[in-house]
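Asker: Provided herewith is a single structure, encoded as structure tokens, for subsequent inquiry.
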Amino acid sequence: MATIEEKLQTLREETLAKLKTIKYENAKEMQDLRVSVLGKKGVLTEILKGMKDVSAEMRPIIGKHVNEARDVLNQAFEEAAALLEEQKVAAQLEKETVDVTLPGRRIPFGNRHVISQIREEIEDIFIGMGYQVVDGLEVESDYYNFERMNLPKDHPARDMQDTFYISEEILLRTHTSPVQARTMDAHDFSKGPLKMISPGRVFRRDTDDATHSHQFHQIEGLVVGKNISMADLQGTLQLIVQKMFGKDRVIRLRPSYFPFTEPSVEVDVSCFKCGGQGCNVCKQTGWIEIMGAGMVHPQVLEMSGVDSKKYSGFAFGLGQERVAMLRYGINDIRGFYQGDMRFAEQFK
Ligand code: PHE
């Protein structure tokens, strides 16, 4: 029968030999081998059981050999593990060569929303004419949204602009017109006329369909100064319409009603598709309605402390969605709000 020392010798030789054959692809084999050699139920433990038959004086010597064998094997396993890891990384690097001639990955670029594009375009036109661009409040008071626009609490015209109430006196504004009153309040007329536009979101209690949305965007316009007349309104709107829809476009003013303007008009533009002959865009009339406008009601001026005998002004309100729909032939307003990339990307 082999002595403990012989057994140790064999174990060392066999284990080291086996270690050499293990490849990095099956590194798990090494783990298994380690357990079978050095584990609690491994070969070395088994050999140690033979110590009970060793004489007392031989024990320290043999014990030393056992420890030595354990150390050598432990170290051999550590080194083998490190080597396998190195081989693995090397192999991976070999595979992952970088092809510097490959084209780069495309980063998808977004684009400005078509409503923002229209708004900026209109802002630019007005800034060019010396207007200031003013911000308003989306959450407004009943007072500014209605009363200051000459719509007292029981005014029947409020029905046209039913909205969302935060409380009895606070609401989501139904139009950008309250900005008229707020800007006039703040303007010092002794320093010159007021010329402003105010783009923004407005809200109405509407049932959404292809042409109605409970929220949409307007651009308010207001000019107040000395000797501002209906002719100024007409000239200004004519210019804007040409810039937005083309040189050949003309406007038509139709009598209308708004509580905050007098006289009030509905502004039509000659159809840019058929030029006025009549087609599906203009519903065979040759004209397309694009905004409401009028001369600022004296009452509205007075409520801002502006002397209506000295000053006069015009105002208009334009729907941004409507401009976009007309220009690009969009037939469903809901497209603006759904965030569908197929819609958005058409306006790059
Ligand atoms: N505020 C009106 C609306 O929302 C539009 C308008 C603005 C009309 C200014 C006249 C003058 O319907």
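If you're wondering about the labels, chains in the structure tokens are A, B, ... by order shown, residues count from 1 in each chain, ligands from 1 in order shown.
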Can you list, as a ChimeraX atom specification, every protein, DNA or RNA residue that comes within 9 Å of A:Met295 when you count only C-alpha atoms, leaving out same-chain residues fewer than 4 positions away?

Answerer: /A:228-230,233,260-265,312-316

Asker: Let me see the file: selected residues, N, CA and C atoms, as a PDB file, in the first residue's frame.

Answerer:
ATOM      1  N   ILE A 228     -55.434 105.410 -34.378  1.00  0.00           N
ATOM      2  CA  ILE A 228     -55.411 104.063 -34.975  1.00  0.00           C
ATOM      3  C   ILE A 228     -56.810 103.799 -35.528  1.00  0.00           C
ATOM      4  N   SER A 229     -56.869 103.417 -36.798  1.00  0.00           N
ATOM      5  CA  SER A 229     -58.182 103.266 -37.444  1.00  0.00           C
ATOM      6  C   SER A 229     -58.360 101.869 -38.029  1.00  0.00           C
ATOM      7  N   MET A 230     -59.535 101.638 -38.510  1.00  0.00           N
ATOM      8  CA  MET A 230     -59.877 100.393 -39.187  1.00  0.00           C
ATOM      9  C   MET A 230     -58.949 100.162 -40.393  1.00  0.00           C
ATOM     10  N   LEU A 233     -55.924  98.437 -39.265  1.00  0.00           N
ATOM     11  CA  LEU A 233     -56.208  97.009 -39.058  1.00  0.00           C
ATOM     12  C   LEU A 233     -56.170  96.281 -40.388  1.00  0.00           C
ATOM     13  N   PHE A 260     -65.806  92.609 -27.151  1.00  0.00           N
ATOM     14  CA  PHE A 260     -64.662  93.465 -26.835  1.00  0.00           C
ATOM     15  C   PHE A 260     -64.155  94.277 -28.021  1.00  0.00           C
ATOM     16  N   THR A 261     -64.802  94.128 -29.181  1.00  0.00           N
ATOM     17  CA  THR A 261     -64.431  94.966 -30.336  1.00  0.00           C
ATOM     18  C   THR A 261     -65.702  95.562 -30.932  1.00  0.00           C
ATOM     19  N   GLU A 262     -65.543  96.777 -31.477  1.00  0.00           N
ATOM     20  CA  GLU A 262     -66.686  97.431 -32.117  1.00  0.00           C
ATOM     21  C   GLU A 262     -66.176  98.457 -33.112  1.00  0.00           C
ATOM     22  N   PRO A 263     -66.364  98.315 -34.403  1.00  0.00           N
ATOM     23  CA  PRO A 263     -67.013  97.153 -35.022  1.00  0.00           C
ATOM     24  C   PRO A 263     -66.119  95.905 -34.964  1.00  0.00           C
ATOM     25  N   SER A 264     -66.765  94.771 -35.145  1.00  0.00           N
ATOM     26  CA  SER A 264     -66.049  93.493 -35.163  1.00  0.00           C
ATOM     27  C   SER A 264     -66.119  92.896 -36.560  1.00  0.00           C
ATOM     28  N   VAL A 265     -65.067  92.178 -36.900  1.00  0.00           N
ATOM     29  CA  VAL A 265     -65.061  91.543 -38.221  1.00  0.00           C
ATOM     30  C   VAL A 265     -64.538  90.121 -38.148  1.00  0.00           C
ATOM     31  N   SER A 312     -57.274 105.043 -29.598  1.00  0.00           N
ATOM     32  CA  SER A 312     -58.091 103.987 -30.202  1.00  0.00           C
ATOM     33  C   SER A 312     -57.152 102.837 -30.571  1.00  0.00           C
ATOM     34  N   GLY A 313     -57.740 101.722 -30.945  1.00  0.00           N
ATOM     35  CA  GLY A 313     -56.867 100.597 -31.263  1.00  0.00           C
ATOM     36  C   GLY A 313     -57.590  99.482 -31.994  1.00  0.00           C
ATOM     37  N   PHE A 314     -56.810  98.555 -32.521  1.00  0.00           N
ATOM     38  CA  PHE A 314     -57.418  97.361 -33.112  1.00  0.00           C
ATOM     39  C   PHE A 314     -56.846  96.115 -32.461  1.00  0.00           C
ATOM     40  N   ALA A 315     -57.598  95.048 -32.577  1.00  0.00           N
ATOM     41  CA  ALA A 315     -57.153  93.770 -31.999  1.00  0.00           C
ATOM     42  C   ALA A 315     -57.553  92.654 -32.944  1.00  0.00           C
ATOM     43  N   PHE A 316     -56.818  91.567 -32.857  1.00  0.00           N
ATOM     44  CA  PHE A 316     -57.202  90.399 -33.650  1.00  0.00           C
ATOM     45  C   PHE A 316     -56.793  89.133 -32.909  1.00  0.00           C
TER      46      PHE A 316
END

Asker: Report as a list in words: the residues of stretch 190-254 of chain A with a DSSP assignment of alpha helix (DSSP H), based on the backbone of this structure.

Answerer: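 Restricting stretch 190-254 of chain A to alpha helix (DSSP H) produces Met230, Ala231, Asp232, Leu233, Gln234, Gly235, Thr236, Leu237, Gln238, Leu239, Ile240, Val241, Gln242, Lys243, Met244 and Phe245 of chain A.
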
Asker: Please save all heavy atoms of the selected residues as a CSV table (one decimal), in the first residue's frame.

Answerer:
chain,number,residue,atom,x,y,z
A,230,MET,N,-59.5,101.6,-38.5
A,230,MET,CA,-59.9,100.4,-39.2
A,230,MET,C,-58.9,100.2,-40.4
A,230,MET,O,-58.6,99.0,-40.7
A,230,MET,CB,-61.3,100.5,-39.6
A,230,MET,CG,-62.0,99.2,-40.0
A,230,MET,SD,-62.6,98.4,-38.6
A,230,MET,CE,-63.2,96.9,-39.3
A,231,ALA,N,-58.5,101.2,-41.0
A,231,ALA,CA,-57.6,101.1,-42.2
A,231,ALA,C,-56.3,100.5,-41.7
A,231,ALA,O,-55.7,99.7,-42.5
A,231,ALA,CB,-57.4,102.5,-42.8
A,232,ASP,N,-55.8,100.9,-40.5
A,232,ASP,CA,-54.6,100.3,-40.0
A,232,ASP,C,-54.8,98.8,-39.8
A,232,ASP,O,-53.9,98.0,-40.1
A,232,ASP,CB,-54.2,101.0,-38.7
A,232,ASP,CG,-53.9,102.4,-38.9
A,232,ASP,OD1,-53.2,102.8,-39.9
A,232,ASP,OD2,-54.4,103.3,-38.1
A,233,LEU,N,-55.9,98.4,-39.3
A,233,LEU,CA,-56.2,97.0,-39.1
A,233,LEU,C,-56.2,96.3,-40.4
A,233,LEU,O,-55.5,95.3,-40.5
A,233,LEU,CB,-57.6,96.8,-38.4
A,233,LEU,CG,-58.1,95.4,-38.4
A,233,LEU,CD1,-57.3,94.5,-37.5
A,233,LEU,CD2,-59.6,95.4,-37.8
A,234,GLN,N,-56.9,96.8,-41.4
A,234,GLN,CA,-57.0,96.2,-42.7
A,234,GLN,C,-55.6,96.1,-43.3
A,234,GLN,O,-55.2,95.0,-43.8
A,234,GLN,CB,-57.9,97.0,-43.6
A,234,GLN,CG,-58.3,96.2,-44.8
A,234,GLN,CD,-59.5,96.9,-45.5
A,234,GLN,OE1,-60.1,97.9,-45.0
A,234,GLN,NE2,-59.9,96.3,-46.6
A,235,GLY,N,-54.8,97.1,-43.3
A,235,GLY,CA,-53.5,97.1,-43.9
A,235,GLY,C,-52.6,96.1,-43.2
A,235,GLY,O,-51.8,95.4,-43.9
A,236,THR,N,-52.6,96.1,-41.9
A,236,THR,CA,-51.8,95.2,-41.1
A,236,THR,C,-52.1,93.7,-41.5
A,236,THR,O,-51.2,92.9,-41.7
A,236,THR,CB,-51.9,95.4,-39.6
A,236,THR,OG1,-51.7,96.8,-39.3
A,236,THR,CG2,-51.0,94.5,-38.8
A,237,LEU,N,-53.4,93.4,-41.4
A,237,LEU,CA,-53.8,92.0,-41.7
A,237,LEU,C,-53.5,91.6,-43.1
A,237,LEU,O,-53.1,90.5,-43.4
A,237,LEU,CB,-55.3,91.9,-41.4
A,237,LEU,CG,-55.7,92.1,-39.9
A,237,LEU,CD1,-57.2,91.8,-39.7
A,237,LEU,CD2,-54.8,91.2,-39.0
A,238,GLN,N,-53.7,92.5,-44.1
A,238,GLN,CA,-53.4,92.2,-45.5
A,238,GLN,C,-51.9,91.8,-45.6
A,238,GLN,O,-51.6,90.8,-46.2
A,238,GLN,CB,-53.7,93.5,-46.3
A,238,GLN,CG,-53.3,93.3,-47.8
A,238,GLN,CD,-54.0,92.3,-48.5
A,238,GLN,OE1,-55.3,92.2,-48.4
A,238,GLN,NE2,-53.3,91.4,-49.3
A,239,LEU,N,-51.1,92.5,-44.9
A,239,LEU,CA,-49.6,92.3,-45.0
A,239,LEU,C,-49.3,90.9,-44.4
A,239,LEU,O,-48.5,90.1,-45.0
A,239,LEU,CB,-48.9,93.4,-44.2
A,239,LEU,CG,-47.5,93.6,-44.5
A,239,LEU,CD1,-47.4,94.7,-45.6
A,239,LEU,CD2,-46.7,94.0,-43.3
A,240,ILE,N,-49.9,90.6,-43.2
A,240,ILE,CA,-49.6,89.4,-42.6
A,240,ILE,C,-50.0,88.2,-43.4
A,240,ILE,O,-49.3,87.2,-43.5
A,240,ILE,CB,-50.3,89.3,-41.2
A,240,ILE,CG1,-49.6,90.3,-40.3
A,240,ILE,CG2,-50.3,88.0,-40.6
A,240,ILE,CD1,-50.5,91.0,-39.4
A,241,VAL,N,-51.2,88.3,-44.0
A,241,VAL,CA,-51.8,87.2,-44.8
A,241,VAL,C,-50.9,87.0,-46.0
A,241,VAL,O,-50.6,85.8,-46.4
A,241,VAL,CB,-53.2,87.6,-45.2
A,241,VAL,CG1,-53.6,86.8,-46.4
A,241,VAL,CG2,-54.1,87.3,-44.0
A,242,GLN,N,-50.4,88.0,-46.6
A,242,GLN,CA,-49.5,87.8,-47.7
A,242,GLN,C,-48.2,87.1,-47.3
A,242,GLN,O,-47.7,86.3,-48.0
A,242,GLN,CB,-49.1,89.2,-48.4
A,242,GLN,CG,-50.2,89.7,-49.3
A,242,GLN,CD,-50.0,91.1,-49.8
A,242,GLN,OE1,-49.2,91.8,-49.2
A,242,GLN,NE2,-50.6,91.4,-50.9
A,243,LYS,N,-47.7,87.5,-46.1
A,243,LYS,CA,-46.4,86.9,-45.7
A,243,LYS,C,-46.6,85.4,-45.3
A,243,LYS,O,-45.7,84.6,-45.5
A,243,LYS,CB,-45.9,87.6,-44.4
A,243,LYS,CG,-45.4,89.0,-44.8
A,243,LYS,CD,-44.2,89.4,-44.0
A,243,LYS,CE,-43.7,90.7,-44.5
A,243,LYS,NZ,-42.5,91.3,-43.7
A,244,MET,N,-47.8,85.1,-44.8
A,244,MET,CA,-48.0,83.7,-44.4
A,244,MET,C,-48.5,82.9,-45.5
A,244,MET,O,-48.2,81.7,-45.6
A,244,MET,CB,-49.1,83.7,-43.3
A,244,MET,CG,-48.4,84.0,-42.0
A,244,MET,SD,-49.5,83.9,-40.5
A,244,MET,CE,-51.1,84.2,-41.2
A,245,PHE,N,-49.3,83.4,-46.4
A,245,PHE,CA,-50.0,82.5,-47.4
A,245,PHE,C,-49.6,82.9,-48.9
A,245,PHE,O,-50.1,82.3,-49.8
A,245,PHE,CB,-51.5,82.6,-47.3
A,245,PHE,CG,-52.0,82.0,-46.0
A,245,PHE,CD1,-52.5,82.8,-45.0
A,245,PHE,CD2,-52.0,80.6,-45.8
A,245,PHE,CE1,-52.9,82.3,-43.8
A,245,PHE,CE2,-52.4,80.1,-44.6
A,245,PHE,CZ,-52.9,80.9,-43.6

Asker: Mind giving me the straight-line distance from atom CA of A:Glu46 to atom CA of A:Ile22 in Å, one decimal?

Answerer: 24.1 Å

Asker: Taking into account only C-alpha atoms, which residue in the set A:Leu19, A:Ile290, A:Ile333, A:Leu318 is nearest to A:Ser177?

Answerer: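 Of the candidates, the smallest distance to A:Ser177 is held by A:Leu318.
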
Asker: Set the cut-off to 10 Å, count only C-alpha atoms and all ligand atoms, and list whatever residues fall near ligand 1 as a PyMOL selection string.

Answerer: chain A and resi 145+149+160-161+173-178+180+202-204+217-222+256-267+291-297+314-319

Asker: Which residue out of A:Gly110, A:Gly305, A:Gly39, A:Gly104 has the minimum interatomic distance to A:Leu73 when only C-alpha atoms are used?

Answerer: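 Smallest distance to A:Leu73 is found for A:Gly39.
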
Asker: Can you list, as a ChimeraX atom specification, all residues belonging to stretch 112-270 of chain A that DSSP tags as strand (DSSP E)?

Answerer: /A:132-133,139-141,170-172,194-203,215-225,251-258,261-270

Asker: Show which residues sit within 9 Å of stretch 48-65 of chain A, as number ranges by chain. Count only C-alpha atoms, and ignore same-chain residues fewer than 3 positions away.

Answerer: A: 3-5, 8, 43-45, 68-70

Asker: For the residues selected in the previous step, produce a file with N, CA and C atoms as a PDB file, in the first residue's frame.

Answerer:
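Result file out-v6.pdb:
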ATOM      1  N   THR A   3       2.318   4.873   0.734  1.00  0.00           N
ATOM      2  CA  THR A   3       2.403   5.677   1.946  1.00  0.00           C
ATOM      3  C   THR A   3       1.733   7.023   1.708  1.00  0.00           C
ATOM      4  N   ILE A   4       1.513   7.741   2.810  1.00  0.00           N
ATOM      5  CA  ILE A   4       0.902   9.060   2.687  1.00  0.00           C
ATOM      6  C   ILE A   4       1.728   9.943   1.772  1.00  0.00           C
ATOM      7  N   GLU A   5       3.025   9.852   1.938  1.00  0.00           N
ATOM      8  CA  GLU A   5       3.887  10.701   1.118  1.00  0.00           C
ATOM      9  C   GLU A   5       3.768  10.368  -0.353  1.00  0.00           C
ATOM     10  N   LEU A   8       0.516  11.784  -1.574  1.00  0.00           N
ATOM     11  CA  LEU A   8       0.603  13.229  -1.767  1.00  0.00           C
ATOM     12  C   LEU A   8       1.302  13.550  -3.076  1.00  0.00           C
ATOM     13  N   VAL A  43      -9.828  14.651  -2.133  1.00  0.00           N
ATOM     14  CA  VAL A  43      -8.776  13.640  -2.017  1.00  0.00           C
ATOM     15  C   VAL A  43      -7.817  13.946  -0.865  1.00  0.00           C
ATOM     16  N   LEU A  44      -7.480  15.238  -0.710  1.00  0.00           N
ATOM     17  CA  LEU A  44      -6.533  15.601   0.335  1.00  0.00           C
ATOM     18  C   LEU A  44      -7.089  15.265   1.722  1.00  0.00           C
ATOM     19  N   THR A  45      -8.343  15.533   1.912  1.00  0.00           N
ATOM     20  CA  THR A  45      -8.983  15.195   3.183  1.00  0.00           C
ATOM     21  C   THR A  45      -8.921  13.686   3.418  1.00  0.00           C
ATOM     22  N   GLU A  68       2.353  21.536   2.864  1.00  0.00           N
ATOM     23  CA  GLU A  68       3.111  21.995   1.712  1.00  0.00           C
ATOM     24  C   GLU A  68       2.352  21.671   0.420  1.00  0.00           C
ATOM     25  N   ALA A  69       1.834  20.443   0.378  1.00  0.00           N
ATOM     26  CA  ALA A  69       1.072  20.030  -0.813  1.00  0.00           C
ATOM     27  C   ALA A  69      -0.143  20.927  -0.996  1.00  0.00           C
ATOM     28  N   ARG A  70      -0.821  21.244   0.117  1.00  0.00           N
ATOM     29  CA  ARG A  70      -2.028  22.077   0.023  1.00  0.00           C
ATOM     30  C   ARG A  70      -1.666  23.453  -0.530  1.00  0.00           C
TER      31      ARG A  70
END

Asker: Can you work out which one of A:Glu13, A:Glu94, A:Asp154, A:Asp185 has the shortest atom-to-atom distance to A:Val300, counting only C-alpha atoms?

Answerer: A:Asp185

Asker: Please determine, counting only C-alpha atoms, which residue among A:Lys283, A:Arg119, A:Arg12, A:Lys23 has the shortest atom-to-atom distance to A:Val37.

Answerer: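 Comparing A:Lys283, A:Arg119, A:Arg12, A:Lys23 against A:Val37, the winner is A:Arg12.
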
Asker: Find, counting only C-alpha atoms, the residue in A:Lys20, A:Lys348, A:Val100, A:Tyr311 that gets nearest to A:Glu79.

Answerer: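 Closest residue, counting only C-alpha atoms: A:Lys20.
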
Asker: Give me the residues within 12 Å of A:Asp209 as a ChimeraX atom specification, counting only C-alpha atoms and dropping any in the same chain fewer than 4 places off.

Answerer: /A:213-215,331-335

Asker: What does the file look like for those residues with C-alpha atoms, as an mmCIF file, in the first residue's frame?

Answerer:
data_model
loop_
_atom_site.group_PDB
_atom_site.id
_atom_site.type_symbol
_atom_site.label_atom_id
_atom_site.label_comp_id
_atom_site.auth_asym_id
_atom_site.auth_seq_id
_atom_site.Cartn_x
_atom_site.Cartn_y
_atom_site.Cartn_z
ATOM 1 C CA SER A 213 -60.121 70.485 -29.537
ATOM 2 C CA HIS A 214 -60.593 71.365 -25.878
ATOM 3 C CA GLN A 215 -57.237 73.088 -26.045
ATOM 4 C CA ASN A 331 -57.602 67.615 -41.983
ATOM 5 C CA ASP A 332 -57.644 66.431 -38.375
ATOM 6 C CA ILE A 333 -56.689 68.785 -35.542
ATOM 7 C CA ARG A 334 -56.019 65.831 -33.226
ATOM 8 C CA GLY A 335 -52.858 65.075 -35.188
#

Asker: Would you work out the distance separating atom CA of A:Cys279 from atom CA of A:Asp340, expressed in Å to one decimal?

Answerer: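 So the answer is 29.4 Å.
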
Asker: Hey, which of A:Asp159, A:Gly329, A:Val134, A:Thr97 ends up closest to A:Asn280? Count only C-alpha atoms.

Answerer: A:Gly329

Asker: So which residues touch A:Phe272 within 9 Å, counting only C-alpha atoms, skipping near sequence neighbours fewer than 3 positions away, as a list in words?

Answerer: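 Contacts, in chain order: Phe245, Gly246, Asp248, Arg249, Val269, Gly275, Gly276, Val281, Cys282, Gly286, Trp287, Ile288, Leu326 and Arg327 of chain A.
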
Asker: Using only C-alpha atoms, which protein or nucleic acid residues come within 10 Å of stretch 306-310 of chain A? Drop anything in the same chain fewer than 4 positions from it, and give the result as an mmCIF file with N, CA, C and O atoms, in the first residue's frame.

Answerer:
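Resulting contents of selection.cif:
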data_model
loop_
_atom_site.group_PDB
_atom_site.id
_atom_site.type_symbol
_atom_site.label_atom_id
_atom_site.label_comp_id
_atom_site.auth_asym_id
_atom_site.auth_seq_id
_atom_site.Cartn_x
_atom_site.Cartn_y
_atom_site.Cartn_z
ATOM 1 N N MET A 184 -52.344 96.435 -21.503
ATOM 2 C CA MET A 184 -52.752 97.845 -21.457
ATOM 3 C C MET A 184 -52.606 98.409 -20.054
ATOM 4 O O MET A 184 -52.161 99.545 -19.878
ATOM 5 N N ASP A 185 -52.972 97.592 -19.059
ATOM 6 C CA ASP A 185 -52.824 98.019 -17.661
ATOM 7 C C ASP A 185 -51.388 98.469 -17.380
ATOM 8 O O ASP A 185 -51.150 99.420 -16.657
ATOM 9 N N HIS A 187 -49.047 99.341 -19.620
ATOM 10 C CA HIS A 187 -48.384 100.205 -20.606
ATOM 11 C C HIS A 187 -48.505 101.683 -20.249
ATOM 12 O O HIS A 187 -49.553 102.154 -19.835
ATOM 13 N N ASP A 188 -47.407 102.402 -20.452
ATOM 14 C CA ASP A 188 -47.399 103.847 -20.232
ATOM 15 C C ASP A 188 -47.624 104.543 -21.575
ATOM 16 O O ASP A 188 -46.706 104.654 -22.387
ATOM 17 N N PHE A 189 -48.858 104.992 -21.811
ATOM 18 C CA PHE A 189 -49.213 105.532 -23.122
ATOM 19 C C PHE A 189 -48.577 106.895 -23.406
ATOM 20 O O PHE A 189 -48.550 107.327 -24.556
ATOM 21 N N VAL A 224 -52.656 99.882 -29.796
ATOM 22 C CA VAL A 224 -53.423 101.006 -29.241
ATOM 23 C C VAL A 224 -52.543 102.245 -29.253
ATOM 24 O O VAL A 224 -51.392 102.210 -28.831
ATOM 25 N N GLY A 225 -53.095 103.326 -29.785
ATOM 26 C CA GLY A 225 -52.339 104.578 -29.849
ATOM 27 C C GLY A 225 -53.253 105.687 -30.325
ATOM 28 O O GLY A 225 -54.472 105.538 -30.312
ATOM 29 N N LYS A 226 -52.636 106.764 -30.769
ATOM 30 C CA LYS A 226 -53.447 107.868 -31.279
ATOM 31 C C LYS A 226 -53.773 107.620 -32.757
ATOM 32 O O LYS A 226 -52.910 107.187 -33.521
ATOM 33 N N ASN A 227 -55.028 107.918 -33.130
ATOM 34 C CA ASN A 227 -55.455 107.827 -34.537
ATOM 35 C C ASN A 227 -55.296 106.447 -35.169
ATOM 36 O O ASN A 227 -54.985 106.341 -36.351
ATOM 37 N N VAL A 296 -60.832 97.989 -30.897
ATOM 38 C CA VAL A 296 -60.982 97.745 -29.462
ATOM 39 C C VAL A 296 -62.158 98.564 -28.921
ATOM 40 O O VAL A 296 -62.266 99.771 -29.171
ATOM 41 N N HIS A 297 -63.053 97.891 -28.221
ATOM 42 C CA HIS A 297 -64.254 98.543 -27.674
ATOM 43 C C HIS A 297 -63.833 99.634 -26.674
ATOM 44 O O HIS A 297 -62.965 99.385 -25.825
ATOM 45 N N PRO A 298 -64.434 100.846 -26.793
ATOM 46 C CA PRO A 298 -64.062 101.937 -25.884
ATOM 47 C C PRO A 298 -64.134 101.522 -24.414
ATOM 48 O O PRO A 298 -63.292 101.910 -23.593
ATOM 49 N N GLN A 299 -65.103 100.675 -24.119
ATOM 50 C CA GLN A 299 -65.281 100.188 -22.757
ATOM 51 C C GLN A 299 -64.040 99.412 -22.276
ATOM 52 O O GLN A 299 -63.635 99.523 -21.121
ATOM 53 N N VAL A 300 -63.464 98.641 -23.182
ATOM 54 C CA VAL A 300 -62.272 97.850 -22.846
ATOM 55 C C VAL A 300 -61.080 98.786 -22.589
ATOM 56 O O VAL A 300 -60.293 98.578 -21.663
ATOM 57 N N LEU A 301 -60.975 99.826 -23.405
ATOM 58 C CA LEU A 301 -59.909 100.813 -23.190
ATOM 59 C C LEU A 301 -60.093 101.488 -21.833
ATOM 60 O O LEU A 301 -59.151 101.581 -21.027
ATOM 61 N N GLU A 302 -61.304 101.933 -21.566
ATOM 62 C CA GLU A 302 -61.589 102.681 -20.335
ATOM 63 C C GLU A 302 -61.301 101.831 -19.101
ATOM 64 O O GLU A 302 -60.795 102.326 -18.099
#

Asker: What is the atom CA of A:Glu147 to atom CA of A:Val323 distance in Å?

Answerer: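 Calculated distance between atom CA of A:Glu147 and atom CA of A:Val323 is 28.6 Å.
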